[in-house]
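Report on the following structure.
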Amino acid sequence: MFAATADPAAIAAATESSRKKRDTDDSSIVGSDFEPWANKRGEILARYTTTEKLSINLFMGSEKGRAGTATSAMSEKVRTRLEELDDFEEGSQKELLNLTQQDYVNRIEELNQSLKDAWASDQKVKALKIVIQCSKLLSDTSVIQFYPSKFVLITDILDTFGKLVYERILSMCVGNRSTLPDHFSPENVNDTAKETCLNWFFKIASIRELIPRFYVEASILKCNKFLSKTGISECLPRLTCMIRGIGDPLVSVYARAYLCRVGMEVAPHLKESLNKNFFDFLLTFKQIHGDAVQNQLVLQGVELPSYLPLYSPAMDWIFQCISYHAPEVLLTEMMERCKKLGNNALLLNSVMSAFRAEFVATRCMDFIGMIKECDESGFPKHLLFRSLGLNLALADPPESDRLQILNEAWKVITKLKNPQDYINCAEVWVEYTCKHFTKREVNTVLADVIKHMTPDRAFEDSYPQLQSIIKKVIAHFHDFSVLFSVEKFLPFLDMFQKESVRVEVCKYIMEAFIKHQQEPTKDPVILNALLHICKTMHDSVNALTLEDEKRTLAHLINGFIKMVSFGRDFEQQLSFYVESRSMFCNLEPVLVHLIHSVNRLAMETRKVMKGNHSRKTAAFVRACVAYCFITIPSLVGIFTRLNLYLHSGQVALANQCLSQADAFFKAAISLIPEVPKMINIDGKMRPSESFLLEFLCNFFSTLLIVPDHPEHGVLFLVRELLNVIQDYTWEDNSDDKIRIYTCVLHLLSAMSQETYLYHIDKVDSNDSLYGGDSKFLAENNKLCETVMAQILEHLKTLVKDEALKRQSLLGLSFFNSILAHGDLRNNKLNQLSVNLWHLAQRHGCADTRTMVKTLEYIKKQSKQPGMNHLTELALRLPLQTRT
Amino acid sequence: MEGTVNLQLSAKSVGVFEAFYNSVKPIQIINSTIEMVKPGKFPSGKTEIPFEFPLHVKGNKVLYETYHGVFVNIQYTLRCDMRRSLLAKDLTKTCEFIVHSAPQRGKLTPSPVDFTITPETLQNVKERALLPKFLIRGHLNSTNCTITQPLTGELVVEHSDAAIRSIELQLVRVETCGCAEGYARDATEIQNIQIADGDVCRGLSVPIHMVFPRLFTCPTLETTNFKVEFEVNIVVLLHADHLITENFPLKLCRM
């Protein structure tokens, strides 16, 4: 083994790694506590952007036989050839100039796709060429601000390629035998697969240029597993050394980041290479301030403070890889090494970003000291403070240092001139302030933010950060009386002047309130502030607001109304409801909720007075009833209105407001003709009849106990209702009208009893009003006859084939009603029931089992005392045999 | 089966006409024929016929490794002829196969080389005074290389006034053909590997690492008629288009 004997470090690394593997097998997989690259990706793409024009230069010529300086000479020529990219013929060359960033991203995505296509169509050489050309783009540092994003895009392609090659070789190993286990060893790999794998490595080793050779080999690092056990552990140090050949410090640090990333994926236990990368990087650190870099910056017109942060993503990643599960000693050593280098703000920032928050937090004062010493002209200080703040949000510094830390940090932050820099930093530190200090300090911080963000309406560009500040404050102050006593809180809210953002913020606050407020409150500070916030939300509703949004807002406002209670001061409570109604008149669910609340208030009053209203409470209850009566008509939903009329009428009745109750019921009756055939339920049109049926049945049970009005005739309301039902245009093929009439019969039967089944306390129903007066009963009977005539009329019309089944069912149900509610000693009724029995069975549509059960029931009932007449009836009811 | 060495003279060294006329006759190393199937008829469907050849060389010739160069080609081919009846054409198929010689016995003695490049060490310079100052040190771990293992070493740019553009390793083969009028020697590039891109960090060693490409390299050959040798050039490109080359002859073998 030539390579291995020549390089003792590699052997050491190899034996070390194999030892470690034995010790802890699970170290070969990265835990879930390691923040994966995928998380960083989006952040980098969002942060490193450019408005400058970019170019892609692709040379798809053959690698061999090309003169050394050919590419560089060619790229210097200015060409404006814009051709289709999908032509990768041998020797073709494309240069795409004047691309915007989005164009560039799209092109790279196209390349990614053509790589996959080439692979799928078995054009492996073309695939390799695409990858080489793409990785070559990484040696180009023009438009340097975009480099980090370019790295992200291109390494995506490399990842795709690495995966394709690995899977291809893996599939060759599988062959016709069973699949390889996850931890296969090279002996299980067959010769064809090994040969293919080796071929890839040979091909890559002959790539002329350093940067593509490095990236492409790194991308298939995992394939070393097919060749030998120690392959990866030999390869990693070699690739690490190879990076030393990259002259540009930015390009080289990203190459290191890529190697660390691949290394962490494939062999996270090989820590030595990670550390080697770090120390190599420190050795080349001085290059950043060297002439070559300076010249380049001047050429591109980029300042050092905007150049240095370009290193952060790569360095953060390298540092994060190293510090993952690393012993404290290593971290301390790394920190010391960073300290020794001059102008180390960049390093310091990465240490703070990548190391464990606890590690940084405990040494917080040291860090502040170091940050202060940093050179002003280099890495921006606000970024350093931001990184420090992020650590402090996660881990707590020693108790004794806390106030001093805040003071030191804020002293610097408050001096930041640029509002963007300022707010990015302040946003992070608000968390720390809220976590460890009282409302006094938070108030100071908020005041400072307002002071910085108000000039020139700087807040307009920083809504996300300001929102995040509000969120953090709310998360730490669950007591809303404390929160609203922070003087600057409401002025802070005033900075949200864009309506959508403002409503968004109001929503957070209300959500937090509903979640955290345990006790009902009448604190005027809270009420005032929250009414203001709710009003803001309510006022944002317009014709274009989505239903969902309205529902959410209404839910939040209702949540607030629910938590407001003035205790025994009912009048205050009612006036609060009055005020709310005027404020939230555009949200129907809120009005509905208010009506229910007022009804509940009336019932509470009744409960307190134990049913005996005094003059004062009676007046109050009438006020409540009046509130409902005038609110209901403003609603849109027809069934909402109907049900609320009924419900409020019941409440009025319970509170002895008879004429008001009558008014409610009359209003409900006069509303019924307006019920449409179809109603919209959750966006779908449904027939409304079943809802109407349900409502009317409910209504009938209430009507039983409503006393007749002295000035109107007997059973005034029932007649009125019957007229409305009669006139209502029912669905053609529906029996709902008859079902309702059957229910009316039940009601009338119940009304003719001597004492009614139920009463309302302190309300005389018709039973006590008329005391079984014969005139009343006669009226009642007349009504019954009319209704029954209607039913029979309807039964007669059901003679067509498909209607026979319905006729049988209705007939039987009518029979049952008579059986349950009628007096069968009456001959006419008796005869009618026998006829109905026959009708039900006439066309063989009846269910025999039901009929048998019914007959059994009649026989059983006839054994009860006073029910002898049923025996006779049972004899007249024959059962039809099925033949 | 046939194995031949084809030698061709480069137009550069002997002139166009000589190159055209004086092509050296191919040297046949190995040639044998066997009959695989007796005359007859194949059954319908696919028929696989196993065969084997002993690799016996002709006379006192040596079985060289397969090598494809520009002027020297060592190639082994298998040809299968199927003779058919008068009415049908005969069928022929040819296919190349690769010969790797058995590893040589004995241990390879490493021969490390240290080198230092400064303006003073350079030959072939017109105006030494115009050259920027530089000092490049390094070593190759061995110039005796096993063909299956990479060439390794290290290189340090201790100091350079001019910015460095690129450092490359150039693998060169030197083919020599003997013929009636003496001999012809030609050097051609096989591959060029960049080991440093841009202005590398001073004082930090950059690894030298090159894998020998298969087929284009073979163990160093020296015979009476022809020679195949290899060399590596370390090429340093400075800004302002200075090109510095340092040459190292290599000896390749198969272990």
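Residue numbers start at 1 in each chain; chains themselves are named A, B, ... in the order of the structure tokens; ligands are numbered from 1 in the order shown.
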Per DSSP on the backbone, what are the alpha helix (DSSP H) residues of stretch 154-395 of chain A, as a ChimeraX atom specification?
/A:154-174,191-205,210-219,224-227,231-242,249-266,271-284,291-300,304-307,312-323,328-340,345-354,357-362,364-373,381-394
Compile the residues of chain B that lie within 10 Å of chain A, evaluated using only C-alpha atoms, and express the compilation as a PyMOL selection string.
chain B and resi 141-142+145-146+148-153+155+163-170+189-214
Considering only C-alpha atoms, return as a PyMOL selection string whatever protein or nucleic-acid residues lie within 10 Å of A:Ile450, sequence-local ones (same chain, fewer than 2 positions apart) excluded.
chain A and resi 444-448+452-455+458-459+466+488-489+491-495
Got a sec: who's within 8 Å of stretch 376-392 of chain A, counting only C-alpha atoms, leaving out chain neighbours fewer than 2 positions off, as a ChimeraX atom specification?
/A:304-306,308-309,343,345-346,348-349,352-353,357-358,360-361,364,371,374,394-397,409,413,416,421-422,424-426,428-429,432
Got time to write the residues from that selection, C-alpha atoms, as a short mmCIF file (atom, residue, chain, number, x, y, z; two decimals), in the first residue's frame?
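This is the output file selection_23.cif:
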```cif
data_model
loop_
_atom_site.label_atom_id
_atom_site.label_comp_id
_atom_site.auth_asym_id
_atom_site.auth_seq_id
_atom_site.Cartn_x
_atom_site.Cartn_y
_atom_site.Cartn_z
CA LEU A 304 -14.78 44.57 3.78
CA PRO A 305 -17.73 44.65 6.22
CA SER A 306 -19.98 43.20 3.56
CA LEU A 308 -16.45 39.12 5.61
CA PRO A 309 -20.01 37.94 6.40
CA ASN A 343 -8.82 40.70 13.58
CA ALA A 345 -14.29 38.97 14.65
CA LEU A 346 -15.22 36.63 11.83
CA LEU A 348 -15.62 34.89 16.93
CA ASN A 349 -18.93 35.13 15.16
CA MET A 352 -20.84 31.98 18.76
CA SER A 353 -23.06 30.68 15.98
CA ALA A 357 -25.28 27.93 23.61
CA GLU A 358 -24.42 26.89 27.18
CA VAL A 360 -21.09 30.63 25.06
CA ALA A 361 -23.52 31.78 27.74
CA CYS A 364 -20.61 35.69 28.01
CA ILE A 371 -16.25 41.89 20.73
CA CYS A 374 -12.58 44.00 17.56
CA LEU A 394 -31.16 29.63 24.35
CA ALA A 395 -29.01 29.38 27.45
CA ASP A 396 -28.79 31.41 30.60
CA PRO A 397 -25.63 33.23 31.63
CA ALA A 409 -24.81 44.95 24.94
CA ILE A 413 -26.86 48.29 20.10
CA LEU A 416 -26.25 51.53 15.73
CA ASP A 421 -28.80 46.62 11.57
CA TYR A 422 -30.36 47.96 14.72
CA ASN A 424 -31.94 42.77 13.55
CA CYS A 425 -29.88 43.05 16.69
CA ALA A 426 -32.60 44.40 18.97
CA VAL A 428 -32.68 39.04 19.27
CA TRP A 429 -31.95 40.82 22.52
CA TYR A 432 -33.09 37.86 26.67
#
```
Using only C-alpha atoms, which protein or nucleic acid residues come within 12 Å of A:Ile169? Drop anything in the same chain fewer than 5 positions from it, and give the result as a VMD selection string.
chain A and resid 162 to 164 174 to 175 180 189 to 200 220 222 to 227
If I take atom CA of A:Thr631 and atom CA of A:Glu711, how far is one from the other in Å, to one decimal?
27.6 Å
Between B:Ile27, B:Ala88, B:Cys218, B:Glu2, which has the minimum distance to B:Lys61 (counting only C-alpha atoms)?
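Looking only at the distances to B:Lys61, the closest residue turns out to be B:Ile27.
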Write out as number ranges by chain the residues lying within 12 Å of stretch 763-775 of chain A, counting only C-alpha atoms and excluding same-chain residues fewer than 3 positions away.
A: 611-612, 650, 652-658, 661, 702-710, 713-716, 748, 750-760, 778-782
Using only C-alpha atoms, which residue out of A:Phe355, A:Phe815, A:Tyr857, A:Phe281 lies closest to A:Leu839?
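The answer is A:Phe815, which sits nearest to A:Leu839.
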Quick one: residues within 9 Å of B:Gln75, only C-alpha atoms, excluding same-chain residues fewer than 4 positions away - as a PDB file with N, CA and C atoms, in the first residue's frame?
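Saved as out13.pdb:
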```
ATOM      1  N   GLU B   2      -3.612 -12.608 -31.625  1.00  0.00           N
ATOM      2  CA  GLU B   2      -2.413 -11.974 -32.164  1.00  0.00           C
ATOM      3  C   GLU B   2      -1.995 -10.843 -31.238  1.00  0.00           C
ATOM      4  N   GLY B   3      -0.681 -10.659 -31.068  1.00  0.00           N
ATOM      5  CA  GLY B   3      -0.188  -9.521 -30.321  1.00  0.00           C
ATOM      6  C   GLY B   3       0.914  -8.856 -31.100  1.00  0.00           C
ATOM      7  N   THR B   4       0.826  -7.518 -31.293  1.00  0.00           N
ATOM      8  CA  THR B   4       1.851  -6.849 -32.087  1.00  0.00           C
ATOM      9  C   THR B   4       2.308  -5.571 -31.430  1.00  0.00           C
ATOM     10  N   VAL B   5       3.530  -5.163 -31.785  1.00  0.00           N
ATOM     11  CA  VAL B   5       4.016  -3.834 -31.424  1.00  0.00           C
ATOM     12  C   VAL B   5       4.080  -3.044 -32.712  1.00  0.00           C
ATOM     13  N   ASN B   6       3.331  -1.936 -32.774  1.00  0.00           N
ATOM     14  CA  ASN B   6       3.368  -1.069 -33.942  1.00  0.00           C
ATOM     15  C   ASN B   6       4.226   0.132 -33.628  1.00  0.00           C
ATOM     16  N   GLU B  65       3.225  -5.354 -21.771  1.00  0.00           N
ATOM     17  CA  GLU B  65       1.870  -4.948 -21.354  1.00  0.00           C
ATOM     18  C   GLU B  65       1.173  -4.175 -22.470  1.00  0.00           C
ATOM     19  N   THR B  66      -0.116  -4.245 -22.478  1.00  0.00           N
ATOM     20  CA  THR B  66      -0.891  -3.445 -23.426  1.00  0.00           C
ATOM     21  C   THR B  66      -0.567  -1.968 -23.226  1.00  0.00           C
ATOM     22  N   TYR B  67      -0.373  -1.253 -24.326  1.00  0.00           N
ATOM     23  CA  TYR B  67      -0.061   0.164 -24.215  1.00  0.00           C
ATOM     24  C   TYR B  67      -0.503   0.877 -25.484  1.00  0.00           C
ATOM     25  N   HIS B  68      -1.215   1.975 -25.315  1.00  0.00           N
ATOM     26  CA  HIS B  68      -1.617   2.759 -26.479  1.00  0.00           C
ATOM     27  C   HIS B  68      -0.960   4.110 -26.425  1.00  0.00           C
ATOM     28  N   GLU B  96     -10.400  -6.535 -28.729  1.00  0.00           N
ATOM     29  CA  GLU B  96      -9.113  -6.348 -28.057  1.00  0.00           C
ATOM     30  C   GLU B  96      -9.171  -6.902 -26.642  1.00  0.00           C
ATOM     31  N   PHE B  97      -8.054  -7.455 -26.188  1.00  0.00           N
ATOM     32  CA  PHE B  97      -7.989  -7.783 -24.761  1.00  0.00           C
ATOM     33  C   PHE B  97      -6.723  -7.195 -24.161  1.00  0.00           C
ATOM     34  N   ILE B  98      -6.773  -6.986 -22.870  1.00  0.00           N
ATOM     35  CA  ILE B  98      -5.720  -6.236 -22.183  1.00  0.00           C
ATOM     36  C   ILE B  98      -4.758  -7.209 -21.513  1.00  0.00           C
ATOM     37  N   VAL B  99      -3.485  -6.948 -21.651  1.00  0.00           N
ATOM     38  CA  VAL B  99      -2.496  -7.772 -20.947  1.00  0.00           C
ATOM     39  C   VAL B  99      -1.806  -6.928 -19.879  1.00  0.00           C
TER      40      VAL B  99
END
```
